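Q: File follows, run_11.cif with mmCIF, C-alpha atoms and all ligand atoms:
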```cif
data_model
loop_
_atom_site.label_atom_id
_atom_site.label_comp_id
_atom_site.auth_asym_id
_atom_site.auth_seq_id
_atom_site.Cartn_x
_atom_site.Cartn_y
_atom_site.Cartn_z
CA MET O 1 -156.33 19.73 -36.41
CA PHE O 2 -158.39 18.09 -33.68
CA VAL O 3 -161.26 20.35 -32.62
CA LEU O 4 -163.48 19.54 -29.67
CA ASN O 5 -167.03 20.82 -30.05
CA ARG O 6 -167.63 21.39 -26.35
CA THR O 7 -166.17 23.75 -23.78
CA THR O 8 -166.06 24.10 -20.01
CA GLN O 9 -167.65 27.24 -18.58
CA LYS O 10 -164.74 29.02 -16.89
CA LEU O 11 -166.36 30.57 -13.85
CA TYR O 12 -162.96 31.78 -12.58
CA TYR O 13 -163.23 34.39 -15.31
CA ASP O 14 -166.93 35.20 -14.82
CA ASP O 15 -166.30 35.86 -11.11
CA PRO O 16 -162.73 35.40 -9.85
CA SER O 17 -163.86 35.64 -6.22
CA LEU O 18 -165.92 32.43 -6.49
CA THR O 19 -164.41 29.47 -4.66
CA GLU O 20 -167.35 27.08 -5.08
CA CYS O 21 -169.90 26.26 -7.76
CA THR O 22 -172.34 23.61 -8.86
CA ALA O 23 -171.66 21.73 -12.09
CA ARG O 24 -172.54 18.57 -13.96
CA VAL O 25 -170.22 15.74 -14.85
CA VAL O 26 -169.45 15.61 -18.57
CA LYS O 27 -166.83 12.86 -18.74
CA VAL O 28 -164.92 10.62 -16.34
CA ASP O 29 -161.57 9.23 -17.41
CA LEU O 30 -159.01 6.97 -15.70
CA ASN O 31 -157.67 9.72 -13.45
CA HIS O 32 -159.51 12.91 -14.31
CA VAL O 33 -162.97 14.46 -14.47
CA GLU O 34 -164.43 16.94 -16.93
CA LEU O 35 -167.33 19.10 -15.75
CA ASP O 36 -169.56 21.52 -17.67
CA ALA O 37 -168.38 24.41 -15.46
CA THR O 38 -165.69 25.00 -12.86
CA VAL O 39 -164.22 27.59 -10.50
CA ALA O 40 -160.84 25.79 -10.56
CA TYR O 41 -158.09 27.67 -12.39
CA PRO O 42 -155.97 25.38 -14.60
CA GLU O 43 -152.20 25.63 -14.79
CA GLY O 44 -151.40 28.28 -17.32
CA GLY O 45 -149.31 31.33 -18.03
CA GLY O 46 -146.80 30.02 -15.50
CA GLN O 47 -149.32 30.00 -12.65
CA ASP O 48 -149.74 26.75 -10.74
CA ALA O 49 -153.19 25.16 -10.84
CA ASP O 50 -155.82 25.29 -8.14
CA GLN O 51 -156.51 22.27 -5.97
CA GLY O 52 -159.77 21.30 -4.32
CA VAL O 53 -162.60 18.81 -4.10
CA ILE O 54 -165.49 17.60 -6.23
CA ILE O 55 -168.38 16.81 -3.88
CA ILE O 56 -170.79 14.12 -5.07
CA PRO O 57 -174.50 14.05 -4.14
CA ASP O 58 -173.99 11.69 -1.16
CA GLY O 59 -171.51 14.18 0.36
CA ARG O 60 -168.29 12.30 -0.36
CA GLU O 61 -165.39 14.39 -1.58
CA ILE O 62 -163.06 13.55 -4.47
CA ARG O 63 -159.83 15.52 -4.17
CA PHE O 64 -158.21 16.97 -7.27
CA VAL O 65 -154.52 17.83 -7.15
CA HIS O 66 -154.12 19.39 -10.58
CA VAL O 67 -156.26 21.19 -13.12
CA ARG O 68 -155.40 21.48 -16.81
CA LYS O 69 -156.84 23.13 -19.88
CA MET O 70 -157.05 20.92 -22.96
CA TYR O 71 -158.03 21.23 -26.61
CA GLY O 72 -158.16 25.02 -26.78
CA ASN O 73 -158.16 26.75 -30.13
CA ARG O 74 -155.55 29.29 -31.15
CA ALA O 75 -157.06 32.76 -31.21
CA LEU O 76 -154.25 34.36 -33.24
CA LEU O 77 -154.63 37.78 -31.64
CA ALA O 78 -151.96 40.30 -32.48
CA ASP O 79 -151.17 41.36 -28.90
CA PHE O 80 -151.54 37.98 -27.18
CA PRO O 81 -148.70 35.49 -27.11
CA ASP O 82 -150.01 32.30 -28.68
CA ILE O 83 -153.21 32.23 -26.65
CA GLN O 84 -155.68 29.37 -26.75
CA VAL O 85 -159.37 30.01 -26.21
CA GLY O 86 -162.26 27.63 -25.54
CA GLY O 87 -161.24 24.09 -24.70
CA ILE O 88 -162.12 21.99 -21.70
CA ILE O 89 -160.87 21.86 -18.12
CA GLU O 90 -159.79 18.54 -16.62
CA HIS O 91 -159.58 17.95 -12.85
CA VAL O 92 -156.83 15.41 -12.13
CA VAL O 93 -157.81 13.28 -9.14
CA HIS O 94 -155.64 12.33 -6.15
CA ASP O 95 -154.43 8.74 -6.48
CA ASP O 96 -156.09 7.72 -3.21
CA ASP O 97 -159.48 8.95 -4.45
CA LEU O 98 -159.42 7.22 -7.84
CA PRO O 99 -161.78 4.42 -6.63
CA LEU O 100 -164.44 7.10 -6.05
CA LEU O 101 -164.52 7.88 -9.77
CA ALA O 102 -166.72 4.79 -10.14
CA CYS O 103 -169.45 6.75 -8.31
CA LEU O 104 -169.55 9.43 -11.00
CA ALA O 105 -171.71 9.35 -14.10
CA ALA O 106 -172.25 11.80 -16.93
CA GLY O 107 -174.94 14.33 -16.05
CA MET O 108 -174.54 13.90 -12.27
CA PRO O 109 -174.74 17.19 -10.34
CA VAL O 110 -171.68 17.93 -8.18
CA VAL O 111 -170.17 20.81 -6.23
CA VAL O 112 -166.63 22.01 -6.99
CA ARG O 113 -164.79 23.73 -4.15
CA ILE O 114 -161.23 25.02 -4.40
CA ASN O 115 -158.64 25.49 -1.66
CA ARG O 116 -159.21 29.17 -0.85
CA LEU O 117 -155.84 29.77 0.80
CA ARG O 118 -153.95 28.31 -2.15
CA ARG O 119 -155.93 30.40 -4.67
CA ALA O 120 -155.43 33.56 -2.61
CA GLN O 121 -151.69 32.92 -2.29
CA LEU O 122 -151.34 32.20 -6.01
CA SER O 123 -153.27 35.39 -6.82
CA LEU O 124 -151.02 37.42 -4.54
CA SER O 125 -147.89 35.79 -5.95
CA HIS O 126 -149.07 36.40 -9.50
CA THR O 127 -149.70 40.08 -8.76
CA ALA O 128 -146.22 40.30 -7.23
CA ALA O 129 -144.79 38.80 -10.45
CA HIS O 130 -146.27 41.75 -12.35
CA LEU O 131 -144.48 44.16 -9.99
CA LEU O 132 -141.22 42.34 -10.72
CA TYR O 133 -142.00 42.65 -14.43
CA LEU O 134 -142.69 46.39 -14.14
CA GLY O 135 -139.45 46.85 -12.20
CA VAL O 136 -137.49 45.08 -14.95
CA ALA O 137 -139.32 47.08 -17.63
CA ALA O 138 -138.17 50.29 -15.94
CA VAL O 139 -134.57 49.27 -15.16
CA ARG O 140 -133.70 46.87 -17.99
CA PRO O 141 -136.35 47.40 -20.71
CA GLY O 142 -134.38 45.32 -23.20
CA ALA O 143 -134.72 42.27 -20.96
CA ILE O 144 -138.52 42.15 -21.26
CA ALA O 145 -138.45 40.68 -24.77
CA ALA O 146 -135.90 38.14 -23.50
CA ILE O 147 -138.25 36.52 -20.94
CA PHE O 148 -138.39 32.81 -21.70
CA GLY O 149 -139.91 31.39 -18.55
CA CYS O 150 -142.28 32.21 -15.74
CA HIS O 151 -143.38 30.22 -12.70
CA ILE O 152 -145.89 31.43 -10.14
CA ARG O 153 -146.07 29.35 -6.97
CA THR O 154 -147.85 29.97 -3.69
CA ASP O 155 -144.70 31.23 -1.96
CA ALA O 156 -142.74 32.95 -4.74
CA ALA O 157 -142.75 33.86 -8.41
CA ARG O 158 -139.92 34.02 -10.90
CA LEU O 159 -139.11 35.21 -14.38
CA ASP O 160 -136.31 33.74 -16.50
CA PHE O 161 -134.42 35.84 -19.05
CA SER O 162 -132.02 35.00 -21.86
CA VAL O 163 -129.73 38.00 -21.53
CA THR O 164 -126.01 38.27 -22.07
CA ASP O 165 -125.70 41.23 -19.65
CA ARG O 166 -126.22 39.87 -16.16
CA PHE O 167 -128.50 41.71 -13.76
CA THR O 168 -126.16 43.62 -11.45
CA ILE O 169 -126.65 44.09 -7.72
CA ASP O 170 -127.61 47.67 -8.55
CA ASP O 171 -130.20 46.50 -11.15
CA VAL O 172 -131.75 44.12 -8.63
CA GLY O 173 -131.83 46.83 -5.95
CA GLN O 174 -133.55 49.27 -8.29
CA ILE O 175 -136.08 46.65 -9.47
CA GLU O 176 -136.87 45.83 -5.83
CA ARG O 177 -137.29 49.51 -4.98
CA ILE O 178 -139.71 50.07 -7.89
CA ALA O 179 -141.73 46.98 -6.93
CA ASN O 180 -141.95 48.13 -3.31
CA GLU O 181 -142.98 51.63 -4.37
CA LEU O 182 -145.89 50.05 -6.24
CA VAL O 183 -146.79 48.16 -3.05
CA THR O 184 -146.60 51.35 -0.97
CA ARG O 185 -148.91 53.20 -3.36
CA ASP O 186 -151.46 50.37 -2.98
CA SER O 187 -152.37 50.81 -6.63
CA VAL O 188 -155.58 49.36 -8.04
CA VAL O 189 -155.27 46.26 -10.25
CA ARG O 190 -157.92 45.72 -12.91
CA VAL O 191 -158.44 42.69 -15.13
CA TYR O 192 -160.83 42.60 -18.05
CA PRO O 193 -161.51 40.51 -21.15
CA HIS O 194 -160.67 41.16 -24.77
CA GLU O 195 -163.73 42.48 -26.61
CA LYS O 196 -163.95 39.39 -28.81
CA PHE O 197 -162.55 36.52 -26.73
CA ARG O 198 -163.51 36.26 -23.07
CA ASP O 199 -160.57 33.90 -22.47
CA ALA O 200 -158.10 36.57 -23.65
CA ARG O 201 -157.59 38.90 -20.70
CA TYR O 202 -155.75 42.04 -19.78
CA TRP O 203 -154.07 43.06 -16.52
CA GLU O 204 -153.80 46.78 -15.78
CA CYS O 205 -152.12 48.79 -13.02
CA GLU O 206 -151.09 52.45 -13.04
CA GLY O 207 -151.69 52.64 -16.79
CA ASN O 208 -149.54 49.59 -17.52
CA VAL O 209 -151.58 47.11 -19.54
CA MET O 210 -150.45 43.62 -20.45
CA PRO O 211 -152.11 40.44 -21.67
CA CYS O 212 -152.57 37.99 -18.78
CA GLY O 213 -155.10 35.26 -18.09
CA GLY O 214 -154.06 34.47 -14.51
CA THR O 215 -155.69 35.29 -11.18
CA HIS O 216 -154.68 38.40 -9.24
CA ILE O 217 -155.58 40.43 -6.17
CA SER O 218 -157.27 43.79 -6.58
CA SER O 219 -154.58 46.11 -5.24
CA THR O 220 -150.84 46.01 -4.75
CA GLY O 221 -150.74 47.01 -1.07
CA ARG O 222 -151.82 43.64 0.26
CA ILE O 223 -148.71 42.00 -1.19
CA GLY O 224 -146.60 43.68 1.49
CA VAL O 225 -142.86 44.25 1.26
CA VAL O 226 -141.28 42.17 -1.52
CA ARG O 227 -137.74 40.95 -1.98
CA ILE O 228 -136.16 40.42 -5.38
CA SER O 229 -133.29 37.99 -5.78
CA ARG O 230 -131.15 37.01 -8.74
CA LYS O 231 -129.71 33.68 -9.78
CA SER O 232 -127.60 32.70 -12.75
CA LEU O 233 -128.96 29.78 -14.77
CA GLY O 234 -125.73 29.45 -16.72
CA LYS O 235 -124.30 31.31 -19.65
CA GLY O 236 -126.71 33.95 -20.95
CA LYS O 237 -129.53 32.90 -18.65
CA GLU O 238 -130.71 34.78 -15.57
CA ARG O 239 -133.53 34.26 -13.08
CA LEU O 240 -135.18 36.93 -10.97
CA SER O 241 -137.46 35.79 -8.13
CA VAL O 242 -139.88 37.76 -6.02
CA THR O 243 -140.71 36.63 -2.50
CA PHE O 244 -143.06 38.14 0.04
CA ASP O 245 -144.21 37.55 3.56
CA ASN O 246 -147.66 36.04 3.35
CA ALA O 247 -147.60 34.58 6.85
CA THR O 248 -150.26 37.05 7.98
CA PHE O 249 -152.24 36.77 4.78
CA ASP O 250 -156.01 36.52 5.16
CA PRO O 251 -157.56 34.53 2.30
CA GLY O 252 -161.07 35.51 3.43
CA GLU O 253 -160.21 39.14 2.89
CA ALA O 254 -158.38 38.44 -0.35
CA LEU O 255 -161.21 36.36 -1.77
CA GLY O 256 -164.05 38.73 -0.89
CA PRO O 257 -166.29 39.99 -3.71
CA GLY O 258 -164.43 42.39 -5.96
CA SER O 259 -161.11 41.50 -4.37
CA PHE O 260 -159.65 40.18 -7.60
CA GLY O 261 -159.93 43.43 -9.46
CA ASP O 262 -162.36 42.04 -12.01
CA SER O 263 -164.12 44.85 -13.77
CA PRO O 264 -167.88 44.96 -13.16
ZN ZN J 1 -151.11 38.25 -14.47
#
```
Could you render the structure as structure tokens?
A:
Amino acid sequence: MFVLNRTTQKLYYDDPSLTECTARVVKVDLNHVELDATVAYPEGGGQDADQGVIIIPDGREIRFVHVRKMYGNRALLADFPDIQVGGIIEHVVHDDDLPLLACLAAGMPVVVRINRLRRAQLSLSHTAAHLLYLGVAAVRPGAIAAIFGCHIRTDAARLDFSVTDRFTIDDVGQIERIANELVTRDSVVRVYPHEKFRDARYWECEGNVMPCGGTHISSTGRIGVVRISRKSLGKGKERLSVTFDNATFDPGEALGPGSFGDSP
């Protein structure tokens, strides 16, 4: 097995409210940049990646449109689904900014800044996905083990299930009601690391604990009223989506210190 002997410092775990950091260039490739540290969350666990800019010492900005985690090592933890720890984070650069990569050199100090609104929306959407999950766990507990897909976007989140019994209109209504009750109670969301692996993380709300390495907001109330909808993906496959109204969403408020529910 290929093992890389270096790792990127994942500042999005050290302090999830950070949207900017300083770092040093480790490696520059044809279309991506590796740094020794980053605040940018890579695509993972179904959550879309952050986007942002790498600012070089002369002030020019190199946009990155995707972030990915590479060369992690399997942790083989009993309660985590096939989690990888360690590894490096690659920032994939916008095509138009590729010529600027020639300005970068290993060891050069840079600033990484992510799109705050996008991060805040993804964190809200991800938290809403957990409410959908908890609704399903209450109404159709057997469907939880049948989840085979998850996608968390800025404007919606969805879970895919391989179930032979379709979700009925009544199921969907009950799941939506449970999710909205969680919103109304404005329950506290906590995230914290596994005692041995900092990359292995838990999400907790109202005593419900589940492994999750994504980004979240610190309480359910800010999500606002959610809607759950169902779609058939063909025989034995169902999709439930959660949408929310984030038109009035304030990323400054959502990204304030402590707003991501990270335990002190
Ligand atoms: Zn999560």
Q: Please write as a PyMOL selection string the list of polymer residues whose atoms come within 8 Å of (-175.4, 18.8, -16.4), counting only C-alpha atoms and keeping to the coordinates of the file.
A: chain O and resi 23-26+36+106-109
Q: I'd like the interatomic distance between atom CA of O:Ile62 and atom CA of O:Leu101, to a tenth of an Å.
A: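 Between atom CA of O:Ile62 and atom CA of O:Leu101 the gap is 7.9 Å.
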Q: Just give me the residues with any atom within 8 Å of (-151.2, 25.7, -1.3), file coordinates, counting only C-alpha atoms, written as JSON, numbers by chain.
A: {"O": [51, 115, 117, 118, 119, 121, 154]}
Q: Can you pull out every residue within 12 Å of O:Val163, counting all atoms listed in the file, but drop anything in the same chain fewer than 3 positions away, and send it as a JSON list (two decimals) with C-alpha atoms, in the coordinates of the input?
A:
```json
[["chain", "number", "residue", "atom", "x", "y", "z"],
["O", 140, "ARG", "CA", -133.70, 46.87, -17.99],
["O", 141, "PRO", "CA", -136.35, 47.40, -20.71],
["O", 142, "GLY", "CA", -134.38, 45.32, -23.20],
["O", 143, "ALA", "CA", -134.72, 42.27, -20.96],
["O", 144, "ILE", "CA", -138.52, 42.15, -21.26],
["O", 145, "ALA", "CA", -138.45, 40.68, -24.77],
["O", 146, "ALA", "CA", -135.90, 38.14, -23.50],
["O", 147, "ILE", "CA", -138.25, 36.52, -20.94],
["O", 148, "PHE", "CA", -138.39, 32.81, -21.70],
["O", 160, "ASP", "CA", -136.31, 33.74, -16.50],
["O", 166, "ARG", "CA", -126.22, 39.87, -16.16],
["O", 167, "PHE", "CA", -128.50, 41.71, -13.76],
["O", 232, "SER", "CA", -127.60, 32.70, -12.75],
["O", 233, "LEU", "CA", -128.96, 29.78, -14.77],
["O", 234, "GLY", "CA", -125.73, 29.45, -16.72],
["O", 235, "LYS", "CA", -124.30, 31.31, -19.65],
["O", 236, "GLY", "CA", -126.71, 33.95, -20.95],
["O", 237, "LYS", "CA", -129.53, 32.90, -18.65],
["O", 238, "GLU", "CA", -130.71, 34.78, -15.57],
["O", 239, "ARG", "CA", -133.53, 34.26, -13.08],
["O", 240, "LEU", "CA", -135.18, 36.93, -10.97]]
```
Q: Please identify the residues whose atoms come within 12 Å of ligand ZN 1 (chain J), using all atoms listed in the file, and report them as a PyMOL selection string.
A: chain O and resi 44-47+122-134+150-152+157+189-192+200-205+208-218+260-261
Q: Grab the atom CA of O:Thr19 to atom CA of O:Glu195 distance for me, in Å with one decimal place.
A: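 These atoms are spaced 25.5 Å apart.
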Q: What separation in Å, quoted to one decimal, exists between atom CA of O:Ile228 and atom CA of O:Val136?
A: 10.7 Å
Q: From the set O:Val85, O:Cys21, O:Ile114, O:Leu100, which residue has the shortest atom-to-atom contact distance to O:Val33, counting only C-alpha atoms?
A: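 Closest to O:Val33, using only C-alpha atoms: O:Leu100.
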Q: Measuring between all atoms listed in the file, which one of O:Ser241, O:Ser187, O:Asn73, O:Asn5 shows the shortest distance to O:Phe161?
A: O:Ser241
Q: Taking all atoms listed in the file into account, name the residue in O:Val112, O:Ala40, O:Val139, O:Leu11 that is nearest to O:Glu176.
A: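 Closest to O:Glu176, using all atoms listed in the file: O:Val139.
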Q: I need the residue nearest O:His91 from this list: O:His66, O:Lys231, O:His194, O:Arg222. Use only C-alpha atoms for the distance.
A: O:His66
Q: Calculated over only C-alpha atoms, which of the candidates O:Asp199, O:Thr168, O:Glu206, O:Val226 has the smallest distance to O:Val183?
A: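 For O:Val183, the nearest of the given residues is O:Val226.
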Q: Taking into account all atoms listed in the file, which residue in the set O:Asp48, O:Gly221, O:Asp155, O:Ser229 is nearest to O:Ile175?
A: O:Ser229
Q: Could you pull the residues within 6 Å of O:Met70, counting all atoms listed in the file, minus those fewer than 2 positions along the same chain, as a PyMOL selection string?
A: chain O and resi 72+87-88
Q: Return stretch 26-40 of chain O, completed with N, CA, C and O atoms, as a PDB file, keeping the file's coordinate frame.
A:
```
ATOM      1  N   VAL O  26    -169.389  15.822 -17.125  1.00  0.00           N
ATOM      2  CA  VAL O  26    -169.450  15.610 -18.570  1.00  0.00           C
ATOM      3  C   VAL O  26    -168.782  14.289 -18.929  1.00  0.00           C
ATOM      4  O   VAL O  26    -169.329  13.479 -19.666  1.00  0.00           O
ATOM      5  N   LYS O  27    -167.588  14.051 -18.358  1.00  0.00           N
ATOM      6  CA  LYS O  27    -166.830  12.860 -18.740  1.00  0.00           C
ATOM      7  C   LYS O  27    -165.927  12.451 -17.580  1.00  0.00           C
ATOM      8  O   LYS O  27    -165.325  13.303 -16.914  1.00  0.00           O
ATOM      9  N   VAL O  28    -165.815  11.152 -17.368  1.00  0.00           N
ATOM     10  CA  VAL O  28    -164.920  10.620 -16.340  1.00  0.00           C
ATOM     11  C   VAL O  28    -163.897   9.751 -17.039  1.00  0.00           C
ATOM     12  O   VAL O  28    -164.250   8.854 -17.809  1.00  0.00           O
ATOM     13  N   ASP O  29    -162.619  10.019 -16.783  1.00  0.00           N
ATOM     14  CA  ASP O  29    -161.570   9.230 -17.410  1.00  0.00           C
ATOM     15  C   ASP O  29    -160.831   8.451 -16.315  1.00  0.00           C
ATOM     16  O   ASP O  29    -161.228   8.463 -15.155  1.00  0.00           O
ATOM     17  N   LEU O  30    -159.716   7.804 -16.672  1.00  0.00           N
ATOM     18  CA  LEU O  30    -159.010   6.970 -15.700  1.00  0.00           C
ATOM     19  C   LEU O  30    -158.614   7.740 -14.449  1.00  0.00           C
ATOM     20  O   LEU O  30    -158.717   7.234 -13.339  1.00  0.00           O
ATOM     21  N   ASN O  31    -158.136   8.982 -14.619  1.00  0.00           N
ATOM     22  CA  ASN O  31    -157.670   9.720 -13.450  1.00  0.00           C
ATOM     23  C   ASN O  31    -158.114  11.180 -13.449  1.00  0.00           C
ATOM     24  O   ASN O  31    -157.589  11.991 -12.703  1.00  0.00           O
ATOM     25  N   HIS O  32    -159.061  11.524 -14.311  1.00  0.00           N
ATOM     26  CA  HIS O  32    -159.510  12.910 -14.310  1.00  0.00           C
ATOM     27  C   HIS O  32    -160.988  13.040 -14.665  1.00  0.00           C
ATOM     28  O   HIS O  32    -161.582  12.111 -15.212  1.00  0.00           O
ATOM     29  N   VAL O  33    -161.531  14.205 -14.301  1.00  0.00           N
ATOM     30  CA  VAL O  33    -162.970  14.460 -14.470  1.00  0.00           C
ATOM     31  C   VAL O  33    -163.150  15.761 -15.230  1.00  0.00           C
ATOM     32  O   VAL O  33    -162.502  16.761 -14.928  1.00  0.00           O
ATOM     33  N   GLU O  34    -164.040  15.717 -16.211  1.00  0.00           N
ATOM     34  CA  GLU O  34    -164.430  16.940 -16.930  1.00  0.00           C
ATOM     35  C   GLU O  34    -165.835  17.308 -16.474  1.00  0.00           C
ATOM     36  O   GLU O  34    -166.717  16.456 -16.393  1.00  0.00           O
ATOM     37  N   LEU O  35    -166.021  18.610 -16.171  1.00  0.00           N
ATOM     38  CA  LEU O  35    -167.330  19.100 -15.750  1.00  0.00           C
ATOM     39  C   LEU O  35    -167.798  20.149 -16.760  1.00  0.00           C
ATOM     40  O   LEU O  35    -167.001  20.638 -17.564  1.00  0.00           O
ATOM     41  N   ASP O  36    -169.102  20.510 -16.705  1.00  0.00           N
ATOM     42  CA  ASP O  36    -169.560  21.520 -17.670  1.00  0.00           C
ATOM     43  C   ASP O  36    -169.191  22.938 -17.237  1.00  0.00           C
ATOM     44  O   ASP O  36    -169.284  23.869 -18.038  1.00  0.00           O
ATOM     45  N   ALA O  37    -168.779  23.093 -15.966  1.00  0.00           N
ATOM     46  CA  ALA O  37    -168.380  24.410 -15.460  1.00  0.00           C
ATOM     47  C   ALA O  37    -167.428  24.176 -14.292  1.00  0.00           C
ATOM     48  O   ALA O  37    -167.474  23.129 -13.646  1.00  0.00           O
ATOM     49  N   THR O  38    -166.562  25.144 -14.025  1.00  0.00           N
ATOM     50  CA  THR O  38    -165.690  25.000 -12.860  1.00  0.00           C
ATOM     51  C   THR O  38    -165.182  26.353 -12.371  1.00  0.00           C
ATOM     52  O   THR O  38    -165.090  27.308 -13.155  1.00  0.00           O
ATOM     53  N   VAL O  39    -164.881  26.407 -11.068  1.00  0.00           N
ATOM     54  CA  VAL O  39    -164.220  27.590 -10.500  1.00  0.00           C
ATOM     55  C   VAL O  39    -162.707  27.359 -10.419  1.00  0.00           C
ATOM     56  O   VAL O  39    -161.961  28.262 -10.054  1.00  0.00           O
ATOM     57  N   ALA O  40    -162.260  26.141 -10.745  1.00  0.00           N
ATOM     58  CA  ALA O  40    -160.840  25.790 -10.560  1.00  0.00           C
ATOM     59  C   ALA O  40    -159.993  26.295 -11.716  1.00  0.00           C
ATOM     60  O   ALA O  40    -160.235  25.947 -12.881  1.00  0.00           O
TER      61      ALA O  40
END
```
